[in-house]
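Participant: Below are the structure tokens for one structure; questions will follow.
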Amino acid sequence: MDVDTRLLRGFAAVCEEGQLTAAAARLLVSQPALTKQIRQLETLLGVELFERSRHGMTPTRAGLALAAHTDALLAGWEEALRATRAASAEHGSTLRVGFEGGIINLMTQRTVADFARRMPGWQVELRQNNWFDPTSGLATGEIDLTLWHAPPSLARHYSVAVLGEEPRCAALPAGHRLAGRAVIDFEELLDEPFVAIPHESGHWRDYWLAVRERGGRPVRIGAVAHNTDEWLAAVVCGQGVGFAPETMSRLAPREDVAYRPVRGLSPSQVGLYWPKDRTPTPAMAAFVRSCRATVGLGTGLGNRIDGRGAQDTPRGLSQDTPQDAPESPGTP
């Protein structure tokens, strides 16, 4: 009997959520589509998997039996998929790199040309990170490594080749009351409505809302955006303000958006990330070296706060000694 893993994921989500509505929202499918999937799985197995009531969905004994094995089945498939893609990448000629929307120009033609010189015959395939996947495709093996502006604590969960440090800045509509300031204090933004990214983005939503710095003070959500274009449009239309990598102020400036440095907001660690359980390939290591040779950070708005200049090489590292060296793939 062949069972689509999509049906098993739907089943697992309903078991965990206890209702179709929440499970469908989590899976980003419509409720009728999820209902159809559950019925299809029950037909294939020839059993009732849930007891349905106005209070929700409760697994039957057969459903509980299946649920006991579903996580392992899906995890096994994901591991097989990662291994297959990793083996293919070892002998392939395309490196798949994720990037954050709005700052693609951080990696320039010089970066790609430098990589081509180091890895003749190889190409770079750039993919914009998906806000509905907190791993940006790393967990499923869809990409090999990704560029993130992240809190330093993320290095506990991923291997990372640090490129530098960069401030987070405020993005405001051009006519905002604080747009005329050279520097904004974080406390001045506490009561502002914010443009948030989806709940499905997990810890990234809290990070770009600066939840840690708020010290428990709730965030006013003015709008929820599903990609960078929607996020910028919401800011321009005055639905809220937001925090963004300082890079956006330099590489994606707009007359209708005011980017301002924020005093009291922690900076991001900028780096190339990949799963801790994956040994970096020669192509990955070469791309890290290319980024270190061509990506410039720390020359924008942050200088207004503390007078810092550009930092050509991440602290403690030389550009010829990649942090992702194969002999120590998990080193942060």
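In the structure tokens, each chain is lettered A, B, ... as it comes, each chain's residues begin at 1, and ligands are numbered from 1 in order of appearance.
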Apply DSSP to the backbone of this structure and, from region 49-159 of chain A, keep only the residues in helix (DSSP H, G or I); write these as a ChimeraX atom specification.
Facilitator: /A:61-91,104-106,109-118,152-156
Participant: Let me see the file: selected residues, N, CA and C atoms, as a compact mmCIF listing (two decimals), in the first residue's frame.
Facilitator:
```
# COMPACT_ATOMS: atom_id res chain seq x y z
N ARG A 61 -8.79 4.48 18.69
CA ARG A 61 -7.70 3.57 19.05
C ARG A 61 -6.81 3.31 17.84
N ALA A 62 -7.43 3.18 16.68
CA ALA A 62 -6.64 3.00 15.45
C ALA A 62 -5.82 4.25 15.16
N GLY A 63 -6.42 5.42 15.38
CA GLY A 63 -5.71 6.67 15.16
C GLY A 63 -4.52 6.83 16.09
N LEU A 64 -4.70 6.45 17.36
CA LEU A 64 -3.60 6.51 18.32
C LEU A 64 -2.47 5.56 17.94
N ALA A 65 -2.84 4.38 17.42
CA ALA A 65 -1.83 3.42 16.99
C ALA A 65 -1.00 3.98 15.83
N LEU A 66 -1.68 4.62 14.88
CA LEU A 66 -0.96 5.22 13.75
C LEU A 66 -0.11 6.39 14.22
N ALA A 67 -0.67 7.21 15.11
CA ALA A 67 0.05 8.38 15.60
C ALA A 67 1.36 8.00 16.29
N ALA A 68 1.38 6.83 16.93
CA ALA A 68 2.58 6.38 17.62
C ALA A 68 3.75 6.14 16.68
N HIS A 69 3.44 5.95 15.39
CA HIS A 69 4.49 5.66 14.41
C HIS A 69 4.71 6.79 13.40
N THR A 70 3.78 7.75 13.35
CA THR A 70 3.82 8.76 12.30
C THR A 70 5.07 9.63 12.36
N ASP A 71 5.42 10.10 13.57
CA ASP A 71 6.60 10.97 13.68
C ASP A 71 7.85 10.27 13.17
N ALA A 72 8.01 9.00 13.55
CA ALA A 72 9.19 8.26 13.11
C ALA A 72 9.19 8.05 11.60
N LEU A 73 8.00 7.78 11.05
CA LEU A 73 7.90 7.59 9.60
C LEU A 73 8.29 8.87 8.85
N LEU A 74 7.76 10.00 9.29
CA LEU A 74 8.06 11.26 8.62
C LEU A 74 9.52 11.67 8.83
N ALA A 75 10.03 11.44 10.04
CA ALA A 75 11.44 11.78 10.30
C ALA A 75 12.36 10.93 9.45
N GLY A 76 12.01 9.64 9.32
CA GLY A 76 12.82 8.76 8.48
C GLY A 76 12.84 9.19 7.03
N TRP A 77 11.68 9.61 6.54
CA TRP A 77 11.60 10.08 5.16
C TRP A 77 12.42 11.36 4.97
N GLU A 78 12.33 12.29 5.94
CA GLU A 78 13.10 13.53 5.83
C GLU A 78 14.59 13.23 5.84
N GLU A 79 15.01 12.29 6.67
CA GLU A 79 16.43 11.94 6.72
C GLU A 79 16.88 11.33 5.40
N ALA A 80 16.03 10.46 4.85
CA ALA A 80 16.37 9.85 3.55
C ALA A 80 16.45 10.92 2.46
N LEU A 81 15.55 11.89 2.52
CA LEU A 81 15.54 12.96 1.53
C LEU A 81 16.80 13.81 1.65
N ARG A 82 17.17 14.15 2.89
CA ARG A 82 18.38 14.95 3.09
C ARG A 82 19.61 14.20 2.60
N ALA A 83 19.68 12.90 2.93
CA ALA A 83 20.84 12.11 2.52
C ALA A 83 20.93 12.02 1.01
N THR A 84 19.79 11.83 0.36
CA THR A 84 19.77 11.74 -1.10
C THR A 84 20.24 13.03 -1.74
N ARG A 85 19.72 14.15 -1.23
CA ARG A 85 20.11 15.44 -1.80
C ARG A 85 21.57 15.76 -1.51
N ALA A 86 22.03 15.38 -0.33
CA ALA A 86 23.43 15.63 0.01
C ALA A 86 24.35 14.83 -0.90
N ALA A 87 23.99 13.55 -1.16
CA ALA A 87 24.80 12.72 -2.05
C ALA A 87 24.83 13.29 -3.45
N SER A 88 23.69 13.81 -3.89
CA SER A 88 23.62 14.42 -5.21
C SER A 88 24.48 15.67 -5.28
N ALA A 89 24.45 16.45 -4.20
CA ALA A 89 25.23 17.70 -4.18
C ALA A 89 26.72 17.42 -4.24
N GLU A 90 27.14 16.30 -3.64
CA GLU A 90 28.56 15.96 -3.64
C GLU A 90 29.10 15.82 -5.05
N HIS A 91 28.26 15.36 -5.95
CA HIS A 91 28.72 15.11 -7.32
C HIS A 91 28.05 16.04 -8.33
N ILE A 104 19.14 40.83 -1.36
CA ILE A 104 19.85 39.96 -2.27
C ILE A 104 21.14 40.61 -2.76
N ASN A 105 21.16 41.95 -2.89
CA ASN A 105 22.34 42.62 -3.40
C ASN A 105 23.52 42.57 -2.45
N LEU A 106 23.31 42.04 -1.24
CA LEU A 106 24.44 41.85 -0.34
C LEU A 106 25.44 40.88 -0.96
N GLN A 109 27.53 40.27 -7.96
CA GLN A 109 28.13 39.55 -9.07
C GLN A 109 29.57 39.18 -8.75
N ARG A 110 30.24 40.02 -7.97
CA ARG A 110 31.61 39.71 -7.55
C ARG A 110 31.65 38.43 -6.73
N THR A 111 30.62 38.23 -5.87
CA THR A 111 30.57 37.02 -5.05
C THR A 111 30.47 35.78 -5.93
N VAL A 112 29.56 35.81 -6.89
CA VAL A 112 29.36 34.67 -7.76
C VAL A 112 30.59 34.42 -8.63
N ALA A 113 31.20 35.51 -9.13
CA ALA A 113 32.39 35.36 -9.97
C ALA A 113 33.55 34.78 -9.18
N ASP A 114 33.69 35.23 -7.93
CA ASP A 114 34.76 34.70 -7.08
C ASP A 114 34.56 33.21 -6.81
N PHE A 115 33.30 32.83 -6.59
CA PHE A 115 32.99 31.41 -6.36
C PHE A 115 33.30 30.59 -7.61
N ALA A 116 32.93 31.11 -8.78
CA ALA A 116 33.19 30.39 -10.03
C ALA A 116 34.68 30.19 -10.24
N ARG A 117 35.48 31.15 -9.80
CA ARG A 117 36.94 31.02 -9.93
C ARG A 117 37.46 29.92 -9.00
N ARG A 118 36.88 29.84 -7.80
CA ARG A 118 37.33 28.83 -6.83
C ARG A 118 36.80 27.44 -7.18
N PRO A 152 22.86 35.97 17.89
CA PRO A 152 24.00 35.08 18.07
C PRO A 152 23.63 33.72 18.65
N SER A 153 22.54 33.65 19.42
CA SER A 153 22.12 32.39 20.04
C SER A 153 21.75 31.33 19.02
N LEU A 154 21.46 31.72 17.79
CA LEU A 154 21.08 30.74 16.77
C LEU A 154 22.23 29.79 16.45
N ALA A 155 23.44 30.20 16.77
CA ALA A 155 24.61 29.35 16.52
C ALA A 155 24.58 28.09 17.37
N ARG A 156 23.73 28.05 18.39
CA ARG A 156 23.59 26.82 19.19
C ARG A 156 22.85 25.74 18.41
```
Participant: What are the DSSP strand (DSSP E or B) residues of region 184-281 of chain A, as a ChimeraX atom specification?
Facilitator: /A:184-185,193-196,220-224,241-245,257-263,268-275
Participant: I need the residue nearest Gln123 (chain A) from this list: A:Leu178, A:Val211, A:Ala233, A:Met284. Use only C-alpha atoms for the distance.
Facilitator: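 Result for the nearest residue to Gln123 (chain A): A:Met284.
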Participant: One number please: CA of Val224 (chain A) to CA of Leu189 (chain A), in Å, one decimal.
Facilitator: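 These two atoms are separated by 17.7 Å.
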Participant: Which value, in Å to one decimal, gives the distance between CA of Pro218 (chain A) and CA of Pro151 (chain A)?
Facilitator: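 These two atoms are separated by 20.2 Å.
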Participant: Just checking: using only C-alpha atoms, which residue out of A:Arg6, A:Met57, A:Leu45, A:Met1 ends up closest to Leu20 (chain A)?
Facilitator: A:Met57
Participant: Let me make sure I understand: among A:Leu272, A:Ala234, A:Leu172, A:Ala252, which one has the smallest atom-to-atom distance to Ile143 (chain A) if we use only C-alpha atoms?
Facilitator: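 Smallest distance to Ile143 (chain A) is found for A:Leu272.
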Participant: Just want the 12 Å neighbourhood of His199 (chain A), counted on only C-alpha atoms, with same-chain residues fewer than 3 positions away dropped. Output as an NGL selection string.
Facilitator: :A and (25-28 or 131-134 or 196 or 202-209 or 221 or 224-226)
Participant: With only C-alpha atoms as the counted atoms, please give the residues lying no more than 7 Å from Ala174 (chain A), apart from itself and same-chain residues fewer than 5 positions off, as a ChimeraX atom specification.
Facilitator: /A:179,256-258
Participant: How far is it from CA of Gly240 (chain A) to CA of His176 (chain A), in Å with one decimal?
Facilitator: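 Pair CA of Gly240 (chain A) / CA of His176 (chain A) returns 10.0 Å.
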